[in-house]
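The file coords.txt comes next; it holds compact mmCIF, C-alpha atoms.
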```txt
# COMPACT_ATOMS: atom_id res chain seq x y z
CA MET A 88 -126.35 -171.52 -11.88
CA ASN A 89 -125.82 -167.83 -11.45
CA PRO A 90 -123.04 -166.85 -13.93
CA ASN A 91 -121.72 -163.99 -11.74
CA PRO A 92 -122.35 -164.96 -8.15
CA THR A 93 -121.87 -162.27 -5.52
CA ILE A 94 -120.17 -162.82 -2.17
CA GLY A 95 -123.67 -163.07 -0.64
CA ASP A 96 -124.62 -165.80 -3.13
CA ARG A 97 -121.50 -167.73 -2.22
CA ILE A 98 -122.31 -167.59 1.49
CA THR A 99 -125.80 -168.94 0.82
CA ALA A 100 -124.38 -171.69 -1.40
CA LEU A 101 -121.87 -172.94 1.23
CA PRO A 102 -122.51 -176.53 2.26
CA PRO A 103 -123.69 -176.79 5.89
CA LEU A 104 -121.35 -178.09 8.59
CA ASP A 105 -122.08 -181.69 9.65
CA ALA A 106 -125.08 -181.94 11.97
CA SER A 107 -122.91 -183.74 14.55
CA VAL A 108 -121.09 -180.46 15.28
CA ALA A 109 -124.22 -178.68 16.53
CA LYS A 110 -125.38 -181.77 18.44
CA LEU A 111 -122.03 -182.09 20.21
CA ALA A 112 -121.98 -178.34 20.95
CA ARG A 113 -125.31 -178.75 22.80
CA LEU A 114 -124.06 -181.81 24.71
CA VAL A 115 -120.88 -180.01 25.79
CA GLN A 116 -122.96 -177.10 27.12
CA ASP A 117 -125.22 -179.40 29.11
CA PRO A 118 -123.70 -180.47 32.43
CA ASP A 119 -126.14 -183.41 32.66
CA SER A 120 -125.22 -185.03 29.33
CA SER A 121 -123.94 -188.60 29.56
CA LEU A 122 -121.00 -190.27 27.85
CA GLY A 123 -123.57 -192.46 26.09
CA ALA A 124 -125.18 -189.40 24.51
CA PHE A 125 -121.80 -188.44 23.01
CA GLU A 126 -121.29 -192.00 21.78
CA ASN A 127 -124.65 -191.93 20.00
CA VAL A 128 -123.61 -188.89 17.98
CA ILE A 129 -120.10 -190.10 17.18
CA ARG A 130 -120.54 -193.78 16.33
CA PRO A 131 -122.66 -193.31 13.16
CA ASP A 132 -119.95 -190.97 11.81
CA PRO A 133 -116.97 -193.05 10.58
CA ALA A 134 -114.73 -190.05 9.80
CA LEU A 135 -115.26 -188.58 13.26
CA THR A 136 -114.75 -191.96 14.91
CA ALA A 137 -111.46 -192.43 13.05
CA ASN A 138 -110.25 -188.91 13.91
CA LEU A 139 -111.12 -189.35 17.55
CA LEU A 140 -109.35 -192.70 17.90
CA LYS A 141 -106.33 -191.31 16.11
CA LEU A 142 -106.21 -188.32 18.43
CA ALA A 143 -106.65 -190.44 21.57
CA ASN A 144 -103.76 -192.69 20.47
CA SER A 145 -101.48 -189.83 19.42
CA ALA A 146 -98.33 -188.76 21.22
CA LEU A 147 -100.33 -185.95 22.89
CA TYR A 148 -101.86 -188.47 25.27
CA SER A 149 -98.75 -190.32 26.21
CA SER A 150 -100.28 -193.60 27.22
CA THR A 151 -99.01 -197.11 26.63
CA THR A 152 -102.50 -198.58 26.36
CA LYS A 153 -104.12 -198.29 22.96
CA VAL A 154 -107.69 -197.02 22.90
CA VAL A 155 -109.99 -198.92 20.54
CA SER A 156 -113.52 -197.91 21.56
CA VAL A 157 -115.28 -194.59 21.07
CA ARG A 158 -116.21 -194.56 24.75
CA ASP A 159 -112.60 -194.93 25.91
CA ALA A 160 -111.48 -192.32 23.41
CA ILE A 161 -114.02 -189.81 24.79
CA ALA A 162 -112.87 -190.57 28.31
CA ARG A 163 -109.23 -190.02 27.37
CA VAL A 164 -109.50 -186.76 25.41
CA GLY A 165 -112.47 -185.21 27.26
CA THR A 166 -115.87 -184.21 25.90
CA ARG A 167 -114.80 -180.71 24.88
CA ARG A 168 -111.97 -182.09 22.73
CA VAL A 169 -114.57 -184.38 21.13
CA TRP A 170 -116.62 -181.37 20.01
CA GLU A 171 -113.44 -179.61 18.85
CA THR A 172 -112.37 -182.68 16.87
CA ALA A 173 -115.79 -182.89 15.22
CA THR A 174 -115.65 -179.19 14.31
CA ALA A 175 -112.13 -179.57 12.92
CA GLY A 176 -113.15 -182.54 10.76
CA ALA A 177 -116.28 -180.82 9.46
CA PHE A 178 -114.41 -177.59 8.77
CA GLY A 179 -111.57 -179.46 7.07
CA ARG A 180 -114.05 -180.97 4.63
CA THR A 181 -115.24 -177.52 3.50
CA LEU A 182 -111.75 -176.37 2.43
CA PRO A 183 -110.95 -176.03 -1.26
CA LYS A 184 -107.57 -177.38 -2.49
CA VAL A 185 -106.25 -173.84 -2.89
CA LEU A 186 -107.45 -170.47 -1.59
CA SER A 187 -106.26 -168.78 -4.74
CA GLY A 188 -106.66 -165.11 -3.76
CA TYR A 189 -104.53 -165.72 -0.67
CA ASP A 190 -101.79 -167.79 -2.35
CA VAL A 191 -102.19 -170.55 0.21
CA ASP A 192 -103.16 -174.19 -0.22
CA ALA A 193 -105.43 -176.25 2.03
CA VAL A 194 -102.44 -177.69 3.93
CA GLY A 195 -101.04 -174.24 4.77
CA PHE A 196 -104.47 -172.85 5.66
CA TRP A 197 -105.10 -175.86 7.89
CA ARG A 198 -101.79 -175.55 9.73
CA HIS A 199 -102.55 -171.88 10.33
CA SER A 200 -106.04 -172.66 11.65
CA VAL A 201 -104.72 -175.33 14.02
CA ALA A 202 -101.85 -173.10 15.20
CA VAL A 203 -104.25 -170.25 16.01
CA ALA A 204 -106.55 -172.71 17.82
CA VAL A 205 -103.72 -174.06 20.01
CA PHE A 206 -102.23 -170.61 20.71
CA ALA A 207 -105.65 -169.05 21.44
CA GLU A 208 -106.47 -171.81 23.93
CA ALA A 209 -103.11 -171.40 25.67
CA ILE A 210 -103.46 -167.60 25.83
CA ALA A 211 -107.07 -167.78 27.08
CA ARG A 212 -106.19 -170.34 29.76
CA GLY A 213 -103.11 -168.42 30.81
CA ALA A 214 -105.18 -165.25 31.25
CA HIS A 215 -108.03 -167.20 32.97
CA LEU A 216 -110.60 -165.85 30.52
CA ALA A 217 -114.28 -166.59 31.09
CA ALA A 218 -114.57 -167.59 27.43
CA ALA A 219 -111.51 -169.89 27.52
CA PRO A 220 -113.51 -173.07 26.78
CA ALA A 221 -114.47 -171.66 23.36
CA ALA A 222 -110.97 -170.41 22.49
CA PHE A 223 -109.73 -173.47 20.58
CA THR A 224 -112.72 -173.60 18.25
CA ALA A 225 -112.80 -169.81 17.90
CA GLY A 226 -109.17 -169.95 16.77
CA LEU A 227 -109.73 -172.89 14.46
CA LEU A 228 -112.58 -171.16 12.62
CA HIS A 229 -111.43 -167.51 12.76
CA ASP A 230 -110.59 -167.27 9.03
CA MET A 231 -113.70 -169.03 7.69
CA GLY A 232 -114.62 -165.85 5.77
CA LYS A 233 -111.54 -166.40 3.58
CA LEU A 234 -113.12 -169.54 2.11
CA VAL A 235 -115.78 -167.34 0.53
CA ILE A 236 -113.80 -164.30 -0.61
CA ALA A 237 -110.61 -166.05 -1.83
CA ASP A 238 -111.99 -166.39 -5.36
CA PHE A 239 -113.13 -162.75 -5.45
CA LEU A 240 -109.69 -161.61 -4.37
CA ALA A 241 -107.83 -163.71 -6.95
CA PRO A 242 -108.22 -161.29 -9.92
CA GLU A 243 -107.05 -158.40 -7.68
CA ARG A 244 -103.66 -159.97 -6.93
CA VAL A 245 -101.47 -157.17 -8.32
CA GLU A 246 -103.59 -154.47 -6.68
CA LEU A 247 -103.60 -156.35 -3.40
CA LEU A 248 -99.80 -156.73 -3.26
CA ASP A 249 -99.41 -153.06 -4.15
CA ARG A 250 -101.67 -151.99 -1.28
CA LEU A 251 -99.88 -154.29 1.20
CA GLU A 252 -96.33 -153.43 0.20
CA ARG A 253 -96.41 -149.85 -1.04
CA GLY A 254 -99.54 -148.61 0.71
CA LYS A 255 -98.64 -150.39 3.99
CA LEU A 256 -102.26 -151.40 4.40
CA SER A 257 -103.24 -154.36 6.56
CA MET A 258 -104.79 -157.35 4.80
CA LEU A 259 -108.20 -156.39 6.18
CA ALA A 260 -107.98 -152.76 4.96
CA ALA A 261 -106.78 -153.91 1.54
CA GLU A 262 -109.73 -156.32 1.27
CA GLN A 263 -112.10 -153.48 2.16
CA GLU A 264 -110.67 -151.25 -0.55
CA LEU A 265 -110.80 -153.93 -3.22
CA LEU A 266 -114.01 -155.79 -2.36
CA GLY A 267 -116.00 -153.43 -0.13
CA THR A 268 -115.96 -156.08 2.59
CA ASP A 269 -113.37 -158.19 4.41
CA HIS A 270 -112.86 -161.75 5.64
CA ALA A 271 -113.94 -160.82 9.18
CA GLN A 272 -117.33 -159.44 8.08
CA VAL A 273 -117.82 -162.38 5.74
CA GLY A 274 -116.67 -164.75 8.49
CA GLU A 275 -119.47 -163.45 10.70
CA ALA A 276 -121.98 -164.19 7.93
CA VAL A 277 -120.56 -167.70 7.40
CA ALA A 278 -120.63 -168.46 11.14
CA THR A 279 -124.24 -167.30 11.31
CA ARG A 280 -125.14 -169.37 8.25
CA TRP A 281 -123.55 -172.43 9.91
CA GLY A 282 -125.55 -171.79 13.06
CA LEU A 283 -122.44 -171.57 15.25
CA PRO A 284 -122.64 -170.32 18.86
CA GLU A 285 -122.53 -166.56 19.49
CA GLU A 286 -118.92 -166.60 20.78
CA LEU A 287 -117.65 -168.14 17.55
CA VAL A 288 -119.58 -165.63 15.43
CA ALA A 289 -118.07 -162.78 17.45
CA ALA A 290 -114.53 -164.17 17.37
CA ALA A 291 -114.63 -164.44 13.56
CA ARG A 292 -116.09 -160.93 13.28
CA TRP A 293 -113.72 -159.17 15.66
CA HIS A 294 -110.44 -161.11 15.52
CA HIS A 295 -108.71 -158.14 13.89
CA GLU A 296 -110.41 -155.46 16.05
CA PRO A 297 -111.10 -157.23 19.33
CA LEU A 298 -111.98 -154.11 21.30
CA MET A 299 -114.93 -153.47 18.96
CA ALA A 300 -116.68 -156.63 20.21
CA PRO A 301 -119.89 -155.91 22.17
CA ASP A 302 -118.87 -157.02 25.68
CA ALA A 303 -115.81 -157.75 27.79
CA ARG A 304 -116.09 -161.54 27.52
CA LEU A 305 -116.23 -161.43 23.71
CA GLN A 306 -113.51 -158.78 23.52
CA GLU A 307 -111.22 -161.08 25.46
CA LEU A 308 -112.06 -164.11 23.35
CA ALA A 309 -111.55 -162.17 20.09
CA GLY A 310 -108.40 -160.73 21.70
CA ALA A 311 -106.97 -164.18 22.44
CA VAL A 312 -107.60 -165.17 18.81
CA HIS A 313 -106.09 -161.87 17.64
CA VAL A 314 -102.82 -162.39 19.51
CA ALA A 315 -102.75 -166.07 18.54
CA ASN A 316 -103.12 -165.05 14.90
CA GLY A 317 -100.14 -162.68 15.13
CA LEU A 318 -98.04 -165.34 16.83
CA ALA A 319 -99.00 -167.98 14.24
CA HIS A 320 -97.93 -165.68 11.41
CA ALA A 321 -94.71 -164.77 13.18
CA MET A 322 -93.92 -168.48 13.60
CA GLY A 323 -94.59 -169.11 9.92
CA PHE A 324 -97.82 -171.09 10.36
CA GLY A 325 -99.96 -169.89 7.50
CA CYS A 326 -97.69 -168.02 5.21
CA ASP A 327 -99.94 -166.45 2.57
CA ILE A 328 -99.95 -163.48 0.21
CA GLY A 329 -100.13 -161.11 3.21
CA GLY A 330 -96.65 -162.16 4.39
CA LEU A 331 -96.05 -160.44 7.70
CA HIS A 332 -98.27 -157.43 6.95
CA ARG A 333 -100.13 -157.85 10.24
CA ARG A 334 -100.65 -155.58 13.19
CA THR A 335 -101.29 -156.70 16.73
CA ASP A 336 -103.21 -154.38 19.03
CA PRO A 337 -100.96 -153.32 21.94
CA ALA A 338 -104.03 -152.65 24.14
CA ILE A 339 -105.00 -156.33 23.89
CA LEU A 340 -101.47 -157.51 24.68
CA ALA A 341 -101.52 -155.30 27.77
CA ARG A 342 -104.95 -156.54 28.81
CA MET A 343 -103.79 -160.17 28.57
CA GLN A 344 -100.59 -159.21 30.41
CA LEU A 345 -98.50 -160.69 27.64
CA ASP A 346 -94.86 -159.71 27.28
CA PRO A 347 -92.22 -161.01 24.86
CA SER A 348 -90.92 -163.77 27.12
CA LYS A 349 -94.44 -165.04 27.90
CA LEU A 350 -95.25 -165.16 24.20
CA GLU A 351 -92.01 -166.95 23.40
CA ARG A 352 -92.60 -169.52 26.14
CA LEU A 353 -96.10 -170.07 24.84
CA ALA A 354 -94.78 -170.57 21.31
CA ALA A 355 -92.13 -173.04 22.49
CA ASN A 356 -94.56 -175.05 24.59
CA SER A 357 -97.23 -175.23 21.87
CA LEU A 358 -95.17 -176.47 18.92
CA THR A 359 -95.57 -180.20 19.54
CA GLU A 360 -99.33 -179.89 19.97
CA ILE A 361 -99.69 -177.87 16.76
CA LEU A 362 -97.71 -180.38 14.72
CA GLU A 363 -99.47 -183.40 16.27
CA LEU A 364 -102.96 -181.94 15.91
CA SER A 365 -102.47 -180.77 12.35
CA ARG A 366 -101.38 -184.32 11.55
CA SER A 367 -103.92 -186.30 13.54
CA LEU A 368 -106.96 -184.16 12.79
CA LYS A 369 -106.41 -184.06 9.08
CA ALA A 370 -106.21 -187.74 8.09
CA ALA A 371 -109.88 -188.62 8.16
CA GLY A 372 -111.52 -185.24 8.09
CA GLY A 373 -109.31 -182.39 7.00
CA PRO A 374 -107.40 -181.88 3.79
CA SER A 375 -104.86 -184.53 2.83
CA MET B 170 -79.25 -186.38 -11.86
CA ALA B 171 -82.57 -186.25 -10.06
CA GLU B 172 -82.78 -183.70 -7.28
CA ARG B 173 -83.43 -185.07 -3.82
CA LEU B 174 -85.43 -182.63 -1.68
CA ILE B 175 -84.74 -182.76 2.06
CA THR B 176 -87.20 -180.72 4.14
CA VAL B 177 -85.91 -178.91 7.20
CA ASP B 178 -88.97 -178.60 9.46
CA ILE B 179 -89.53 -175.88 12.03
CA ALA B 180 -87.14 -176.48 14.97
CA ASP B 181 -85.07 -178.88 12.88
CA ILE B 182 -81.51 -179.39 11.56
CA LYS B 183 -80.48 -181.32 8.44
CA VAL B 184 -77.00 -181.84 6.98
CA SER B 185 -76.05 -183.68 3.81
CA ASN B 186 -73.06 -184.50 1.63
CA ASP B 187 -75.18 -185.90 -1.20
CA PRO B 188 -74.47 -183.66 -4.24
CA THR B 189 -77.96 -184.33 -5.63
CA ALA B 190 -79.66 -183.13 -2.43
CA THR B 191 -81.37 -179.79 -1.89
CA LEU B 192 -82.19 -178.67 1.64
CA ILE B 193 -85.40 -176.66 1.79
CA THR B 194 -87.27 -174.90 4.57
CA TYR B 195 -90.64 -173.21 4.19
CA ALA B 196 -92.40 -170.13 5.57
CA LEU B 197 -89.76 -168.63 7.84
CA GLY B 198 -91.78 -165.69 9.19
CA SER B 199 -89.86 -164.43 12.23
CA CYS B 200 -87.92 -167.69 12.42
CA ILE B 201 -84.40 -167.85 11.00
CA ALA B 202 -82.63 -170.32 8.74
CA VAL B 203 -78.85 -170.58 8.81
CA ALA B 204 -77.43 -172.28 5.73
CA LEU B 205 -73.85 -173.59 5.92
CA TYR B 206 -71.83 -174.80 2.95
CA GLU B 207 -68.39 -176.33 2.68
CA PRO B 208 -67.25 -175.87 -0.92
CA THR B 209 -64.41 -178.43 -1.15
CA ARG B 210 -66.25 -181.37 0.41
CA HIS B 211 -69.67 -180.29 -0.89
CA VAL B 212 -71.37 -180.52 2.46
CA GLY B 213 -74.50 -178.49 3.21
CA GLY B 214 -76.39 -177.94 6.46
CA MET B 215 -79.40 -175.95 7.56
CA ILE B 216 -81.24 -175.10 10.77
CA HIS B 217 -84.72 -173.53 11.04
CA TYR B 218 -84.98 -172.16 14.57
CA MET B 219 -88.02 -170.44 16.09
CA LEU B 220 -86.85 -168.46 19.08
CA PRO B 221 -83.73 -166.75 20.40
CA LEU B 222 -83.04 -168.18 23.86
CA SER B 223 -83.64 -171.57 25.44
CA THR B 224 -84.07 -169.94 28.87
CA VAL B 225 -87.80 -169.45 28.11
CA SER B 226 -88.28 -173.23 28.18
CA PRO B 227 -85.29 -175.37 29.20
CA ASP B 228 -87.42 -178.55 29.02
CA LYS B 229 -88.28 -177.91 25.39
CA ALA B 230 -84.65 -177.11 24.65
CA LYS B 231 -83.61 -180.54 25.94
CA GLU B 232 -86.25 -182.26 23.84
CA SER B 233 -85.77 -180.10 20.75
CA PRO B 234 -82.53 -178.05 20.84
CA ALA B 235 -83.02 -176.80 17.25
CA MET B 236 -85.99 -174.76 18.47
CA PHE B 237 -83.66 -172.07 19.86
CA ALA B 238 -80.72 -170.11 18.45
CA ASP B 239 -78.50 -170.64 21.50
CA THR B 240 -78.90 -174.42 21.64
CA GLY B 241 -79.48 -175.09 17.92
CA ILE B 242 -76.77 -173.15 16.07
CA PRO B 243 -73.83 -174.84 17.87
CA LEU B 244 -75.45 -178.19 17.10
CA LEU B 245 -75.61 -177.34 13.38
CA PHE B 246 -71.88 -176.54 13.37
CA GLU B 247 -71.11 -179.79 15.22
CA ARG B 248 -73.07 -181.79 12.66
CA MET B 249 -70.98 -180.15 9.91
CA TYR B 250 -67.72 -180.90 11.78
CA ALA B 251 -68.83 -184.52 12.07
CA LEU B 252 -68.80 -184.66 8.25
CA GLY B 253 -65.21 -183.42 8.21
CA CYS B 254 -65.78 -179.67 7.78
CA LYS B 255 -63.67 -176.97 9.41
CA LYS B 256 -65.16 -173.75 10.73
CA SER B 257 -62.89 -171.54 8.63
CA ASP B 258 -64.07 -173.21 5.39
CA LEU B 259 -67.79 -172.69 5.95
CA VAL B 260 -69.82 -170.25 3.87
CA VAL B 261 -72.53 -168.88 6.15
CA LYS B 262 -75.86 -167.45 4.95
CA VAL B 263 -78.73 -166.19 7.07
CA ILE B 264 -82.37 -165.96 5.98
CA GLY B 265 -85.62 -164.89 7.72
CA GLY B 266 -86.25 -162.92 10.88
CA GLY B 267 -89.23 -160.98 9.49
CA GLN B 268 -91.42 -158.83 11.72
CA ILE B 269 -95.15 -158.20 11.95
CA TYR B 270 -96.20 -154.59 12.66
CA ASP B 271 -95.98 -154.05 16.34
CA ASP B 272 -96.48 -150.77 18.10
CA ASN B 273 -94.81 -151.67 21.35
CA ASN B 274 -92.37 -154.35 20.28
CA THR B 275 -93.94 -157.35 21.97
CA PHE B 276 -93.59 -159.28 18.73
CA GLU B 277 -89.94 -158.46 18.15
CA ILE B 278 -89.19 -162.17 17.83
CA GLY B 279 -87.61 -161.77 14.38
CA GLN B 280 -85.25 -159.05 15.51
CA ARG B 281 -84.36 -160.88 18.70
CA ASN B 282 -83.71 -164.05 16.72
CA TYR B 283 -81.25 -162.11 14.57
CA MET B 284 -79.53 -160.21 17.41
CA VAL B 285 -78.78 -163.40 19.34
CA LEU B 286 -77.29 -164.99 16.23
CA ARG B 287 -75.09 -161.96 15.52
CA LYS B 288 -73.82 -161.97 19.07
CA MET B 289 -73.02 -165.69 18.98
CA PHE B 290 -71.20 -165.38 15.65
CA TRP B 291 -69.25 -162.34 16.82
CA LYS B 292 -68.06 -164.19 19.95
CA VAL B 293 -66.69 -167.15 18.01
CA GLY B 294 -65.51 -165.23 14.93
CA VAL B 295 -67.96 -166.56 12.33
CA LEU B 296 -68.52 -164.23 9.37
CA ILE B 297 -71.83 -164.06 7.50
CA SER B 298 -71.20 -164.07 3.76
CA ALA B 299 -74.75 -163.14 2.73
CA GLU B 300 -78.10 -162.53 4.38
CA ASP B 301 -81.71 -161.69 3.61
CA VAL B 302 -83.34 -160.76 6.91
CA GLY B 303 -86.06 -158.56 8.40
CA GLY B 304 -88.97 -156.79 6.72
CA LYS B 305 -92.53 -157.97 6.22
CA LYS B 306 -91.62 -160.94 4.06
CA SER B 307 -92.13 -164.59 4.83
CA ARG B 308 -89.42 -166.56 3.08
CA THR B 309 -88.80 -170.06 1.78
CA THR B 310 -85.15 -170.96 1.22
CA ARG B 311 -83.19 -173.71 -0.54
CA LEU B 312 -79.55 -174.82 -0.39
CA HIS B 313 -78.27 -176.95 -3.28
CA VAL B 314 -75.68 -179.24 -1.71
CA GLY B 315 -73.84 -179.95 -4.99
CA THR B 316 -73.19 -176.29 -5.81
CA GLY B 317 -73.76 -174.32 -2.61
CA LEU B 318 -76.34 -172.17 -4.37
CA VAL B 319 -78.81 -170.64 -1.92
CA THR B 320 -82.10 -169.21 -3.17
CA VAL B 321 -84.79 -167.26 -1.33
CA ARG B 322 -88.43 -167.16 -2.38
CA SER B 323 -91.00 -164.65 -1.15
CA SER B 324 -94.21 -163.17 -2.60
CA GLY B 325 -93.92 -165.49 -5.59
CA THR B 326 -90.36 -164.61 -6.71
CA GLU B 327 -87.21 -166.66 -6.14
CA VAL B 328 -83.77 -165.05 -6.21
CA PRO B 329 -80.23 -166.32 -5.49
CA LEU B 330 -78.56 -165.14 -2.29
```

With the file now loaded, output its structure as structure tokens.
Amino acid sequence: MNPNPTIGDRITALPPLDASVAKLARLVQDPDSSLGAFENVIRPDPALTANLLKLANSALYSSTTKVVSVRDAIARVGTRRVWETATAGAFGRTLPKVLSGYDVDAVGFWRHSVAVAVFAEAIARGAHLAAAPAAFTAGLLHDMGKLVIADFLAPERVELLDRLERGKLSMLAAEQELLGTDHAQVGEAVATRWGLPEELVAAARWHHEPLMAPDARLQELAGAVHVANGLAHAMGFGCDIGGLHRRTDPAILARMQLDPSKLERLAANSLTEILELSRSLKAAGGPS
Amino acid sequence: MAERLITVDIADIKVSNDPTATLITYALGSCIAVALYEPTRHVGGMIHYMLPLSTVSPDKAKESPAMFADTGIPLLFERMYALGCKKSDLVVKVIGGGQIYDDNNTFEIGQRNYMVLRKMFWKVGVLISAEDVGGKKSRTTRLHVGTGLVTVRSSGTEVPL
């Protein structure tokens, strides 16, 4: 064991995401894939099977008939939600009990991740974005860089609070000053290490500076995650050491044609889904 | 006496006349908690609402009136009256309504949440006895039903209000 691991060492040492995530990502992309192909990936994975059945029988799919087979569950929630559920479960298993440098536990981090996923999907659909199908997962995973740098930030607590409160720095700028990198840069490295699709790498990298993303499609996806992140913090999903020291880019809000009443409607209409999903996705896969 | 913790979720109201109970709500962000206390009967009540006006989603307001200031706050008072309280005896404290940085005020949810509350209270003559609102803080607040003590915790420190 390296006695003083660097951030780079930690990224290399991260456990891989379950293989089922990449397999399902390929199946979702392929218009010719059959329901049977999905079943073959899901059935050997008991945690994923349990999560999927739980989701299909949750209040989100208000049906009186109970789903008991994997096949029926896929049919009810849709193949994309299957991939998203697998990603959520796999991601949930990588979370430590506490992200000490951020003063947030796994439950709080998880609620934040799910809230950003639900808001990002609603924003992306509302704005008819080309990248909308990736928005939920992009939102869910946007803060994956924090898993790596939390421990490096922990000894800097006093300095960090000082920069946020007295220096009025954003969380990202404070991380840069203290560590020479930030959770968005590290998130890009983690996403690459996990072999995630290009959109998800870009969303993690640019969720605080969406207009820096390389093309319009990725700018919009990172933008949807960016706004969703601000809304999740405003609504108290994911209270951490940064409090409300967040800035939302007005250019992105304008580009998505979002005004206060649209955002408020979106927040109101998403609450049930956030609460249901953070409950039903966590039991078998995520933190308990 | 063991303390009984009652969690007030987001878009939720709880009232209690159990002197061992403490009402608690977490991570207010731009949301607002109103804590009511009736000192002679030892009744406490709390709402954690998300948004100012139910007009943005009347369907949601029907399903979950505590989501909005305009539908939730009157309900909190009614729940207190149902336990024998009178309006004039209530001690009213307001917590939350923080703001993220926002260059063109799209995210003014915290401020709007507070303005609507002030307007409602002004109309019906309710006075706020203490408040901790606004700023960049996310707050967690408790109301001890036995004593009426309200505390607010943010950035790791808890102080009485």

Residue contacts of Ser199 (chain B) (6 Å, all atoms listed in the file) excluding same-chain residues fewer than 3 positions away, as JSON, numbers by chain: {"A": [321, 322], "B": [266, 267, 268, 279]}

Please produce an output containing C-alpha atoms for each residue in the selection, written as a compact mmCIF listing (two decimals), in the frame of the given file.
```
# COMPACT_ATOMS: atom_id res chain seq x y z
CA ALA A 321 -94.71 -164.77 13.18
CA MET A 322 -93.92 -168.48 13.60
CA GLY B 266 -86.25 -162.92 10.88
CA GLY B 267 -89.23 -160.98 9.49
CA GLN B 268 -91.42 -158.83 11.72
CA GLY B 279 -87.61 -161.77 14.38
```

Using only C-alpha atoms, what table do you get, as CSV, when you list each residue of chain A with an atom no more than 7 Å from chain B, its nearest pair of atoms, and their distance in Å rounded to one decimal, rows by chain then rising number?
```
residue,atom,partner,partner_atom,distance
A:His320,CA,B:Gly198,CA,6.5
A:Ala321,CA,B:Ser199,CA,5.0
A:Met322,CA,B:Gly198,CA,5.6
A:Gly323,CA,B:Gly198,CA,4.5
A:Cys326,CA,B:Ala196,CA,5.7
A:Ile328,CA,B:Ser324,CA,6.4
A:Gly330,CA,B:Ser307,CA,5.2
A:Leu331,CA,B:Lys305,CA,4.5
A:His332,CA,B:Lys305,CA,5.8
A:Arg333,CA,B:Ile269,CA,5.3
A:Arg334,CA,B:Tyr270,CA,4.6
A:Thr335,CA,B:Asp271,CA,5.9
A:Pro337,CA,B:Asn273,CA,6.4
A:Asp346,CA,B:Thr275,CA,5.9
A:Pro347,CA,B:Thr275,CA,5.0
A:Ser348,CA,B:Val225,CA,6.6
A:Glu351,CA,B:Val225,CA,6.8
A:Arg352,CA,B:Val225,CA,5.2
A:Ala355,CA,B:Lys229,CA,6.9
A:Asn356,CA,B:Lys229,CA,6.9
```

Who sits within 12 Å of Val273 (chain A), all atoms listed in the file, same chain under 2 positions skipped, as a PyMOL selection string: chain A and resi 93-99+229-237+259+262-263+266-271+275-280+288-289+291-293

Separation of CA of Pro242 (chain A) from CA of Gly317 (chain A) in Å: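 Separating CA of Gly317 (chain A) from CA of Pro242 (chain A) is a distance of 26.4 Å.
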
Nearest-residue call for Val285 (chain B), choices B:Glu327, B:Asp258, B:Glu247, B:Asp239, using all atoms listed in the file: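 Of B:Glu327, B:Asp258, B:Glu247, B:Asp239, the one nearest Val285 (chain B) is B:Asp239, counting all atoms listed in the file.
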
Within 12 Å of file point (-117.3, -156.9, 19.6), counting all atoms listed in the file, expressed as a list in words: Ala271, Gln272, Glu275, Glu285, Glu286, Leu287, Val288, Ala289, Ala290, Ala291, Arg292, Trp293, His294, His295, Glu296, Pro297, Leu298, Met299, Ala300, Pro301, Asp302, Ala303, Arg304, Leu305, Gln306, Glu307, Leu308, Ala309 and Gly310 of chain A

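Between Asp105 (chain A) and the residues A:Pro183, A:Gly226, A:Pro133, A:Gly176, the shortest atom-to-atom distance, using all atoms listed in the file, involves A:Gly176.
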
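Picture a line from CA of Leu139 (chain A) to CA of Ser367 (chain A); it runs 8.8 Å.
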
Two-atom distance - CA of Glu300 (chain B), CA of Pro234 (chain B) (Å):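 Separation of CA of Glu300 (chain B) and CA of Pro234 (chain B): 23.1 Å.
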
Surrounding residues of Met215 (chain B) excluding itself and chain neighbours under 5 positions, 9 Å, all atoms listed in the file, as a list in words: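 Close residues of Met215 (chain B): Val177, Asp181, Ile182, Lys183, Val184, Leu192, Ile193, Thr194, Ala202, Val203, Ala204, Leu205, Tyr206, Leu245 and Leu312 of chain B.
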
Counting all atoms listed in the file, the option among B:Pro329, B:Pro243, B:Gly213, B:Gly303 closest to Leu259 (chain B):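 Comparing B:Pro329, B:Pro243, B:Gly213, B:Gly303 against Leu259 (chain B), the winner is B:Gly213.
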
Please write as a compact mmCIF listing (two decimals) with C-alpha atoms, in the frame of the given file the list of polymer residues whose atoms come within 10 Å of (-104.5, -196.9, 20.3), counting only C-alpha atoms and keeping to the coordinates of the file.
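This is the output file point_2.txt:
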```txt
# COMPACT_ATOMS: atom_id res chain seq x y z
CA LEU A 140 -109.35 -192.70 17.90
CA LYS A 141 -106.33 -191.31 16.11
CA LEU A 142 -106.21 -188.32 18.43
CA ALA A 143 -106.65 -190.44 21.57
CA ASN A 144 -103.76 -192.69 20.47
CA SER A 145 -101.48 -189.83 19.42
CA SER A 150 -100.28 -193.60 27.22
CA THR A 151 -99.01 -197.11 26.63
CA THR A 152 -102.50 -198.58 26.36
CA LYS A 153 -104.12 -198.29 22.96
CA VAL A 154 -107.69 -197.02 22.90
CA VAL A 155 -109.99 -198.92 20.54
CA SER A 156 -113.52 -197.91 21.56
CA ALA A 160 -111.48 -192.32 23.41
```

Determine the axis-aligned bounding box of all atoms of region 245-255 of chain A present in the file, pad each side by 3 Å, and express its centre and edge lengths in Å to one decimal place as AutoDock Vina command-line options.
```
--center_x -100.0 --center_y -152.9 --center_z -2.2 --size_x 13.3 --size_y 14.6 --size_z 18.3
```
